[in-house]
$ cat start34.txt   # compact mmCIF, C-alpha atoms
# COMPACT_ATOMS: atom_id res chain seq x y z
CA MET A 1 22.08 -7.66 4.69
CA GLU A 2 19.42 -8.83 2.26
CA ILE A 3 15.74 -9.75 2.71
CA LYS A 4 13.86 -11.88 0.20
CA PRO A 5 10.22 -12.96 0.31
CA ILE A 6 9.80 -16.58 1.38
CA ASP A 7 6.81 -17.05 -0.94
CA PRO A 8 7.26 -14.51 -3.76
CA ALA A 9 4.50 -16.04 -5.90
CA ASN A 10 1.67 -15.92 -3.36
CA ARG A 11 2.78 -13.63 -0.49
CA ALA A 12 5.50 -11.38 -1.85
CA PHE A 13 5.05 -8.86 0.97
CA PHE A 14 4.57 -11.22 3.92
CA ALA A 15 7.38 -13.17 5.60
CA GLY A 16 10.93 -12.50 4.48
CA VAL A 17 14.14 -14.46 5.01
CA VAL A 18 17.15 -12.40 6.07
CA SER A 19 20.74 -13.13 5.05
CA GLY A 20 24.06 -11.35 5.48
CA ILE A 21 23.69 -10.53 9.17
CA ASP A 22 25.22 -12.02 12.33
CA LEU A 23 23.07 -11.65 15.44
CA THR A 24 25.87 -12.83 17.75
CA ARG A 25 27.45 -9.36 17.49
CA PRO A 26 25.98 -5.88 18.06
CA LEU A 27 24.36 -4.37 14.99
CA SER A 28 25.27 -1.06 13.37
CA ALA A 29 22.73 1.75 13.20
CA GLN A 30 22.30 1.00 9.49
CA GLU A 31 21.57 -2.67 10.20
CA VAL A 32 19.06 -1.76 12.89
CA GLU A 33 17.21 0.51 10.50
CA ALA A 34 17.28 -2.21 7.81
CA VAL A 35 15.62 -4.63 10.25
CA HIS A 36 12.92 -2.06 11.07
CA ALA A 37 12.35 -1.41 7.36
CA GLY A 38 12.09 -5.15 6.74
CA MET A 39 9.53 -5.50 9.51
CA ASP A 40 7.51 -2.60 8.06
CA ARG A 41 7.36 -4.40 4.73
CA PHE A 42 7.05 -8.09 5.63
CA GLY A 43 5.66 -8.26 9.18
CA VAL A 44 7.62 -11.51 9.76
CA LEU A 45 11.39 -11.96 9.37
CA VAL A 46 13.27 -15.27 9.51
CA PHE A 47 16.96 -15.45 10.45
CA HIS A 48 18.53 -18.89 9.92
CA ASP A 49 21.66 -20.28 11.62
CA GLN A 50 21.81 -17.76 14.46
CA LYS A 51 23.48 -19.66 17.30
CA ILE A 52 22.89 -17.03 19.94
CA ASP A 53 22.72 -17.19 23.71
CA ASP A 54 20.35 -15.31 26.01
CA GLU A 55 22.61 -12.27 26.37
CA GLN A 56 23.12 -11.94 22.62
CA GLN A 57 19.38 -12.19 22.05
CA LEU A 58 18.83 -9.44 24.62
CA VAL A 59 21.46 -7.18 23.02
CA PHE A 60 19.87 -7.60 19.57
CA SER A 61 16.35 -7.08 20.91
CA LYS A 62 17.24 -3.98 22.92
CA SER A 63 18.89 -2.42 19.88
CA LEU A 64 15.42 -2.35 18.29
CA GLY A 65 13.56 -0.77 21.22
CA PRO A 66 12.52 -1.15 24.87
CA LEU A 67 11.48 -4.57 26.12
CA GLU A 68 8.44 -5.54 28.12
CA GLN A 69 8.72 -7.82 31.13
CA ALA A 70 7.71 -11.47 30.92
CA THR A 71 4.61 -11.24 33.09
CA GLY A 72 2.20 -13.20 30.90
CA ASP A 73 2.82 -16.71 32.25
CA ILE A 74 1.82 -18.42 35.48
CA ALA A 75 5.23 -19.62 36.64
CA ALA A 76 6.03 -18.57 40.21
CA PRO A 77 9.22 -16.47 40.53
CA GLN A 78 11.06 -19.33 42.22
CA ASP A 79 10.17 -21.67 39.35
CA ARG A 80 11.47 -19.49 36.50
CA ARG A 81 14.41 -20.69 34.40
CA MET A 82 15.49 -17.25 33.19
CA SER A 83 15.27 -13.51 33.82
CA MET A 84 12.08 -11.48 33.52
CA GLU A 85 13.36 -10.04 30.23
CA LEU A 86 12.95 -13.44 28.56
CA ASN A 87 9.76 -15.39 27.97
CA ASP A 88 10.30 -19.10 28.54
CA ILE A 89 8.51 -20.65 25.55
CA SER A 90 9.33 -24.24 26.42
CA ASN A 91 7.92 -27.39 27.96
CA LEU A 92 10.61 -27.52 30.65
CA ASP A 93 10.75 -26.88 34.39
CA LYS A 94 13.56 -25.05 36.18
CA ASN A 95 15.58 -28.29 36.28
CA ASN A 96 15.23 -28.64 32.48
CA GLN A 97 12.92 -31.62 32.83
CA VAL A 98 9.92 -31.99 30.51
CA LEU A 99 6.70 -30.90 32.22
CA ALA A 100 4.15 -33.59 32.98
CA ARG A 101 1.19 -33.72 30.62
CA ASP A 102 -1.20 -32.44 33.29
CA ASP A 103 1.16 -29.80 34.76
CA ARG A 104 -0.72 -26.54 35.29
CA ARG A 105 2.01 -24.53 33.52
CA ARG A 106 1.83 -26.78 30.46
CA LEU A 107 -1.97 -26.62 30.30
CA PHE A 108 -1.89 -22.84 30.53
CA GLY A 109 0.75 -22.73 27.79
CA LEU A 110 -1.52 -24.65 25.41
CA GLY A 111 -3.26 -21.32 24.88
CA ASN A 112 -0.37 -20.49 22.53
CA MET A 113 -1.94 -22.93 20.08
CA LEU A 114 -4.83 -20.49 19.58
CA TRP A 115 -4.48 -17.63 17.12
CA HIS A 116 -3.33 -14.61 19.11
CA SER A 117 -1.26 -11.45 19.26
CA ASP A 118 1.31 -11.33 22.06
CA SER A 119 0.38 -9.28 25.13
CA SER A 120 -2.87 -7.94 23.70
CA PHE A 121 -4.12 -8.67 27.23
CA LYS A 122 -1.92 -5.83 28.54
CA ASP A 123 -2.92 -2.15 28.49
CA VAL A 124 0.22 -1.50 26.46
CA PRO A 125 0.57 -4.52 24.18
CA ALA A 126 3.57 -5.95 22.34
CA LYS A 127 5.35 -4.52 19.32
CA TYR A 128 7.91 -7.06 18.05
CA SER A 129 8.38 -10.60 19.33
CA LEU A 130 11.69 -12.41 18.72
CA LEU A 131 11.67 -16.19 19.19
CA SER A 132 14.93 -18.14 19.22
CA ALA A 133 14.91 -21.93 18.74
CA ARG A 134 17.46 -23.53 21.06
CA GLN A 135 16.19 -27.14 20.91
CA ILE A 136 13.26 -28.41 18.89
CA PRO A 137 11.34 -31.70 18.54
CA ASP A 138 12.15 -34.14 15.76
CA ALA A 139 8.98 -33.16 13.90
CA ASP A 140 5.95 -30.84 13.98
CA GLY A 141 5.69 -27.81 16.28
CA ASN A 142 5.48 -25.28 13.44
CA THR A 143 4.45 -21.68 14.11
CA GLU A 144 1.87 -20.14 11.79
CA PHE A 145 1.51 -16.43 11.07
CA ALA A 146 -1.49 -14.60 9.58
CA ASP A 147 -1.16 -11.26 7.78
CA MET A 148 -3.73 -9.00 9.38
CA ARG A 149 -3.05 -6.19 6.89
CA ALA A 150 -4.06 -8.40 3.98
CA ALA A 151 -7.03 -9.65 6.00
CA TYR A 152 -8.23 -6.07 6.55
CA ASP A 153 -7.71 -5.15 2.91
CA ALA A 154 -9.85 -8.12 1.84
CA LEU A 155 -12.87 -7.03 3.89
CA ASP A 156 -15.83 -5.60 2.01
CA ASP A 157 -16.49 -1.87 2.39
CA LYS A 158 -19.51 -2.40 4.63
CA THR A 159 -17.52 -4.45 7.14
CA LYS A 160 -14.61 -2.00 7.06
CA ALA A 161 -17.01 0.79 7.98
CA GLU A 162 -18.56 -1.32 10.74
CA VAL A 163 -15.31 -2.31 12.46
CA GLY A 164 -13.45 0.98 12.05
CA ASP A 165 -14.17 2.36 15.53
CA MET A 166 -14.79 -0.85 17.48
CA ILE A 167 -13.13 -1.39 20.87
CA CYS A 168 -12.66 -4.95 22.14
CA SER A 169 -11.89 -6.33 25.59
CA HIS A 170 -8.89 -8.69 25.85
CA SER A 171 -7.94 -11.07 28.68
CA GLN A 172 -6.03 -14.31 29.14
CA ILE A 173 -8.89 -15.43 31.36
CA PHE A 174 -11.03 -15.55 28.21
CA SER A 175 -8.49 -17.17 25.87
CA ARG A 176 -7.66 -19.96 28.31
CA GLY A 177 -11.34 -20.47 29.00
CA ILE A 178 -11.82 -21.38 25.34
CA LEU A 179 -9.73 -24.48 26.05
CA GLY A 180 -11.46 -25.21 29.35
CA PHE A 181 -8.61 -23.90 31.52
CA THR A 182 -10.22 -22.06 34.44
CA ASP A 183 -7.69 -22.82 37.20
CA PHE A 184 -6.87 -19.20 38.08
CA THR A 185 -6.05 -17.78 41.48
CA ASP A 186 -7.79 -14.63 42.70
CA ASP A 187 -4.56 -12.66 42.13
CA GLU A 188 -4.33 -13.93 38.55
CA ARG A 189 -7.91 -12.92 37.86
CA VAL A 190 -7.09 -9.39 39.05
CA LYS A 191 -3.81 -9.36 37.08
CA TRP A 192 -5.55 -10.36 33.86
CA ALA A 193 -8.68 -8.27 34.15
CA PRO A 194 -9.91 -7.25 30.66
CA VAL A 195 -8.18 -4.36 28.87
CA ARG A 196 -9.40 -2.25 25.95
CA GLN A 197 -7.88 -2.53 22.47
CA ARG A 198 -8.87 -1.20 19.05
CA LEU A 199 -10.15 -3.71 16.51
CA VAL A 200 -8.60 -1.75 13.63
CA ARG A 201 -5.29 0.02 14.10
CA LYS A 202 -2.94 2.05 11.92
CA HIS A 203 0.75 1.18 11.68
CA PRO A 204 2.72 4.30 12.70
CA ARG A 205 5.45 3.87 10.05
CA SER A 206 3.77 2.25 7.05
CA GLY A 207 0.35 3.83 7.56
CA ARG A 208 -1.37 0.54 6.70
CA LEU A 209 -4.51 -0.57 8.51
CA SER A 210 -4.85 -4.02 10.03
CA LEU A 211 -7.29 -6.07 12.06
CA TYR A 212 -6.17 -6.42 15.67
CA LEU A 213 -7.60 -9.80 16.57
CA SER A 214 -6.60 -12.37 19.18
CA SER A 215 -7.98 -15.33 21.09
CA HIS A 216 -7.72 -12.98 24.08
CA ALA A 217 -10.53 -10.82 22.61
CA GLY A 218 -13.80 -11.79 24.26
CA GLY A 219 -16.10 -8.82 23.81
CA ILE A 220 -16.94 -5.68 21.82
CA GLU A 221 -17.97 -2.53 23.66
CA GLY A 222 -21.69 -1.87 23.28
CA TRP A 223 -22.47 -5.37 21.96
CA PRO A 224 -24.11 -8.32 23.73
CA VAL A 225 -21.40 -10.88 24.49
CA PRO A 226 -22.81 -13.75 22.37
CA GLU A 227 -23.17 -11.50 19.33
CA ALA A 228 -19.69 -10.03 19.83
CA ARG A 229 -18.04 -13.43 20.11
CA ALA A 230 -19.86 -14.75 17.06
CA PHE A 231 -18.75 -11.71 15.06
CA LEU A 232 -15.14 -12.00 16.29
CA ARG A 233 -15.15 -15.67 15.36
CA ASP A 234 -16.24 -14.77 11.83
CA LEU A 235 -13.45 -12.21 11.58
CA ASN A 236 -10.89 -14.73 12.85
CA GLU A 237 -12.01 -17.30 10.29
CA HIS A 238 -11.68 -14.67 7.57
CA ALA A 239 -8.24 -13.51 8.75
CA THR A 240 -6.73 -16.99 9.02
CA GLN A 241 -7.56 -18.28 5.54
CA ARG A 242 -4.57 -20.15 4.14
CA LYS A 243 -3.93 -17.43 1.55
CA PHE A 244 -3.06 -15.07 4.42
CA VAL A 245 -0.89 -17.57 6.37
CA TYR A 246 2.82 -18.39 6.42
CA ALA A 247 3.75 -21.59 8.31
CA HIS A 248 7.29 -21.62 9.68
CA GLN A 249 8.94 -25.03 9.98
CA TRP A 250 11.57 -24.60 12.66
CA LYS A 251 15.22 -25.52 12.29
CA PRO A 252 17.75 -25.42 15.15
CA ALA A 253 19.20 -21.91 15.64
CA ASP A 254 16.36 -20.18 13.76
CA LEU A 255 15.29 -16.79 15.07
CA VAL A 256 11.92 -15.53 13.89
CA MET A 257 10.61 -12.07 14.68
CA TRP A 258 7.19 -10.65 13.95
CA ASP A 259 5.22 -7.46 14.40
CA ASN A 260 2.26 -8.13 16.69
CA ARG A 261 0.54 -5.00 15.39
CA VAL A 262 0.04 -6.56 11.94
CA THR A 263 0.05 -10.33 12.55
CA MET A 264 -1.53 -13.12 14.54
CA HIS A 265 0.27 -16.38 15.19
CA ARG A 266 -0.21 -19.77 16.78
CA ALA A 267 1.95 -22.77 17.71
CA ARG A 268 1.12 -26.20 16.33
CA ARG A 269 1.09 -29.55 18.14
CA TYR A 270 4.16 -31.72 18.64
CA ASP A 271 5.20 -34.74 20.71
CA HIS A 272 4.95 -33.31 24.23
CA THR A 273 7.49 -35.82 25.57
CA GLN A 274 10.24 -34.26 23.44
CA VAL A 275 12.06 -31.09 24.42
CA ARG A 276 10.99 -27.83 22.80
CA ASP A 277 13.16 -25.07 24.23
CA MET A 278 12.60 -21.57 22.83
CA ARG A 279 13.31 -18.11 24.24
CA ARG A 280 11.24 -15.04 23.37
CA THR A 281 12.11 -11.41 23.85
CA THR A 282 9.28 -8.95 23.36
CA LEU A 283 9.39 -5.26 22.56
CA THR A 284 6.69 -3.14 24.14
CA ASN A 285 4.52 -1.06 21.84
CA GLU A 286 5.08 1.85 24.29
CA VAL A 287 1.54 3.19 23.66
CA SER A 288 -1.92 1.63 23.78
CA SER A 289 -3.55 0.48 20.55
CA LEU A 290 -6.20 3.10 21.37
CA GLU A 291 -3.62 5.69 20.30
CA GLN A 292 -3.17 4.09 16.86
CA ALA A 293 -6.58 4.88 15.40
CA PRO A 294 -7.13 4.70 11.63

$ encode --input "start34.txt" --output "structure tokens"
Amino acid sequence: MEIKPIDPANRAFFAGVVSGIDLTRPLSAQEVEAVHAGMDRFGVLVFHDQKIDDEQQLVFSKSLGPLEQATGDIAAPQDRRMSMELNDISNLDKNNQVLARDDRRRLFGLGNMLWHSDSSFKDVPAKYSLLSARQIPDADGNTEFADMRAAYDALDDKTKAEVGDMICSHSQIFSRGILGFTDFTDDERVKWAPVRQRLVRKHPRSGRLSLYLSSHAGGIEGWPVPEARAFLRDLNEHATQRKFVYAHQWKPADLVMWDNRVTMHRARRYDHTQVRDMRRTTLTNEVSSLEQAP
């Protein structure tokens, strides 16, 4: 197994491409540790030509740690295409037909086009996300990743001191509201009530500090809401400068994994009439971000 930086000239320590590993078979303990070490260094790992099925993706993911359940979408249980261990990142219904443009599930899913960190709207957020491309459109539909470690490092000392102890509130109600999606049931509003997350967190293995931002973040404790949202917008603009961003252009059978503790990501637009079928497994962080103070 070997990992090389995708952009050694500009981002030598962000986004690596992995070779010499076959994800269709169970990994050895040494391979598992090599993947963890690669994630600690790069934050994003790309595995090409991995023609895996759902079970193989689950075996690989579970070898890295415990999974969270796919409870972040609005699909009713009877409408799901797959088990609760898999996130259905597609534009398909349970009969594998492309969702209508105005389908409520599709409109909710457009929130993935905002910069975010997976499951930051949960008390215990996500650790790794692993996204497998099963069928992709003819063009477009890239996924972009921002290095939140580099973004933190680039802050001036005054801002670092200001944000060091900040606590933000995160909710999917807020992130979808940015796009004008407010069609939530009473149960969904209870389910996605705001949760508390640190704005700066420390990686438990590397020790590096990073900004923990997301479109789900809609407030800062102790701040008036308009001021908090203006400040968070400034931080997001800073963190998503092109010098901090890797854009992944998908190929069939790609698997991309990223560490939600040190990255943000977003999907880009594509022809919504074409099939985009992707499956995501998500490792739980096991502890709240509140327990990963600088």

$ atom_distance --input "start34.txt" --atom1 "atom CA of A:Gln274" --atom2 "atom CA of A:Leu23"
27.2 Å

$ closest_residue --input "start34.txt" --among "A:Gly111, A:Asn260, A:Asp40, A:Gln249" --to "A:Gly177" --atoms "all atoms listed in the file"
A:Gly111

$ closest_residue --input "start34.txt" --among "A:His272, A:Arg149, A:Lys251, A:Arg101" --to "A:Val46" --atoms "all atoms listed in the file"
A:Lys251

$ closest_residue --input "start34.txt" --among "A:Leu211, A:Ala228, A:Leu155, A:Val124" --to "A:Leu283" --atoms "only C-alpha atoms"
A:Val124

$ closest_atom_pairs --input "start34.txt" --of "stretch 205-249 of chain A" --to "stretch 178-192 of chain A" --cutoff "10 Å" --atoms "only C-alpha atoms" --output "CSV"
residue,atom,partner,partner_atom,distance
A:Ser215,CA,A:Ile178,CA,8.3
A:His216,CA,A:Ile178,CA,9.4
A:Gly218,CA,A:Ile178,CA,9.9

$ closest_residue --input "start34.txt" --among "A:Arg233, A:His36, A:Lys51, A:Arg261" --to "A:Gln135" --atoms "all atoms listed in the file"
A:Lys51

$ closest_residue --input "start34.txt" --among "A:Leu58, A:Leu290, A:Leu130, A:Ala151" --to "A:Val256" --atoms "only C-alpha atoms"
A:Leu130

$ residues_around --input "start34.txt" --residues "stretch 66-69 of chain A" --least-positions-apart "4" --cutoff "8 Å" --atoms "only C-alpha atoms" --output "PyMOL selection string"
chain A and resi 61-62+84-86+126+281-284

$ write_last_selection --input "start34.txt" --atoms "C-alpha atoms" --output "PDB file, in the frame of the given file"
ATOM      1  CA  SER A  61      16.350  -7.080  20.910  1.00  0.00           C
ATOM      2  CA  LYS A  62      17.240  -3.980  22.920  1.00  0.00           C
ATOM      3  CA  MET A  84      12.080 -11.480  33.520  1.00  0.00           C
ATOM      4  CA  GLU A  85      13.360 -10.040  30.230  1.00  0.00           C
ATOM      5  CA  LEU A  86      12.950 -13.440  28.560  1.00  0.00           C
ATOM      6  CA  ALA A 126       3.570  -5.950  22.340  1.00  0.00           C
ATOM      7  CA  THR A 281      12.110 -11.410  23.850  1.00  0.00           C
ATOM      8  CA  THR A 282       9.280  -8.950  23.360  1.00  0.00           C
ATOM      9  CA  LEU A 283       9.390  -5.260  22.560  1.00  0.00           C
ATOM     10  CA  THR A 284       6.690  -3.140  24.140  1.00  0.00           C
TER      11      THR A 284
END

$ residues_around --input "start34.txt" --residues "A:Tyr152" --least-positions-apart "2" --cutoff "8 Å" --atoms "only C-alpha atoms" --output "list of chain:residue names"
A:Met148, A:Arg149, A:Ala150, A:Ala154, A:Leu155, A:Lys160, A:Leu209, A:Ser210, A:Leu211, A:Ala239

$ closest_residue --input "start34.txt" --among "A:Ser117, A:Pro194, A:Glu291, A:Ala70" --to "A:Asp147" --atoms "all atoms listed in the file"
A:Ser117

$ residues_around --input "start34.txt" --residues "A:Phe42" --least-positions-apart "5" --cutoff "8 Å" --atoms "all atoms listed in the file" --output "ChimeraX atom specification"
/A:5,13-16

$ atom_distance --input "start34.txt" --atom1 "atom CA of A:Gly38" --atom2 "atom CA of A:Pro8"
14.9 Å

$ atom_distance --input "start34.txt" --atom1 "atom CA of A:Ile74" --atom2 "atom CA of A:Phe60"
26.4 Å

$ axis_aligned_box --input "start34.txt" --around "stretch 211-228 of chain A" --padding-each-side "4 Å" --output "AutoDock Vina command-line options"
--center_x -15.1 --center_y -8.6 --center_z 18.3 --size_x 25.9 --size_y 21.5 --size_z 20.4

$ residues_around --input "start34.txt" --residues "A:Thr143" --least-positions-apart "3" --cutoff "8 Å" --atoms "all atoms listed in the file" --output "PyMOL selection string"
chain A and resi 247-250+265-268

$ write_last_selection --input "start34.txt" --atoms "C-alpha atoms" --output "mmCIF file, in the coordinates of the input"
data_model
loop_
_atom_site.group_PDB
_atom_site.id
_atom_site.type_symbol
_atom_site.label_atom_id
_atom_site.label_comp_id
_atom_site.auth_asym_id
_atom_site.auth_seq_id
_atom_site.Cartn_x
_atom_site.Cartn_y
_atom_site.Cartn_z
ATOM 1 C CA ALA A 247 3.750 -21.590 8.310
ATOM 2 C CA HIS A 248 7.290 -21.620 9.680
ATOM 3 C CA GLN A 249 8.940 -25.030 9.980
ATOM 4 C CA TRP A 250 11.570 -24.600 12.660
ATOM 5 C CA HIS A 265 0.270 -16.380 15.190
ATOM 6 C CA ARG A 266 -0.210 -19.770 16.780
ATOM 7 C CA ALA A 267 1.950 -22.770 17.710
ATOM 8 C CA ARG A 268 1.120 -26.200 16.330
#

$ residues_near_point --input "start34.txt" --point "(9.3, -1.6, 18.6)" --cutoff "6 Å" --atoms "all atoms listed in the file" --output "PyMOL selection string"
chain A and resi 65+127-128+283+285

$ decode --input "start34.txt" --residues "stretch 204-253 of chain A" --atoms "C-alpha atoms" --output "compact mmCIF listing (two decimals), in the first residue's frame"
# COMPACT_ATOMS: atom_id res chain seq x y z
CA PRO A 204 -6.85 13.12 19.06
CA ARG A 205 -4.05 11.43 17.07
CA SER A 206 -2.22 14.21 15.24
CA GLY A 207 -2.80 16.91 17.86
CA ARG A 208 -3.53 19.48 15.15
CA LEU A 209 -6.20 22.13 15.62
CA SER A 210 -8.89 22.77 13.03
CA LEU A 211 -11.95 24.91 12.50
CA TYR A 212 -15.16 22.90 12.89
CA LEU A 213 -17.47 24.72 10.52
CA SER A 214 -20.57 23.60 8.63
CA SER A 215 -23.64 24.99 6.93
CA HIS A 216 -25.48 23.38 9.85
CA ALA A 217 -23.92 25.94 12.23
CA GLY A 218 -26.42 28.72 12.83
CA GLY A 219 -25.40 30.35 16.10
CA ILE A 220 -22.63 31.01 18.62
CA GLU A 221 -23.38 30.75 22.33
CA GLY A 222 -23.53 34.19 23.94
CA TRP A 223 -23.73 36.06 20.62
CA PRO A 224 -26.73 37.72 18.95
CA VAL A 225 -27.81 35.54 16.02
CA PRO A 226 -27.18 38.09 13.23
CA GLU A 227 -23.67 38.81 14.51
CA ALA A 228 -22.91 35.11 14.92
CA ARG A 229 -24.06 34.24 11.42
CA ALA A 230 -22.10 37.10 9.88
CA PHE A 231 -18.97 35.97 11.73
CA LEU A 232 -19.48 32.31 10.73
CA ARG A 233 -19.95 33.40 7.13
CA ASP A 234 -16.62 35.23 7.26
CA LEU A 235 -14.93 32.14 8.66
CA ASN A 236 -16.49 29.94 5.97
CA GLU A 237 -15.29 32.29 3.23
CA HIS A 238 -11.80 32.19 4.72
CA ALA A 239 -11.78 28.38 5.07
CA THR A 240 -12.98 27.66 1.53
CA GLN A 241 -10.43 29.72 -0.38
CA ARG A 242 -9.23 27.75 -3.40
CA LYS A 243 -5.77 27.30 -1.88
CA PHE A 244 -7.37 25.14 0.83
CA VAL A 245 -9.61 23.11 -1.53
CA TYR A 246 -9.22 19.81 -3.38
CA ALA A 247 -11.90 19.11 -6.03
CA HIS A 248 -12.46 15.42 -6.73
CA GLN A 249 -13.63 14.55 -10.23
CA TRP A 250 -15.42 11.23 -9.87
CA LYS A 251 -14.68 8.14 -11.91
CA PRO A 252 -16.75 4.93 -11.76
CA ALA A 253 -15.66 2.67 -8.88
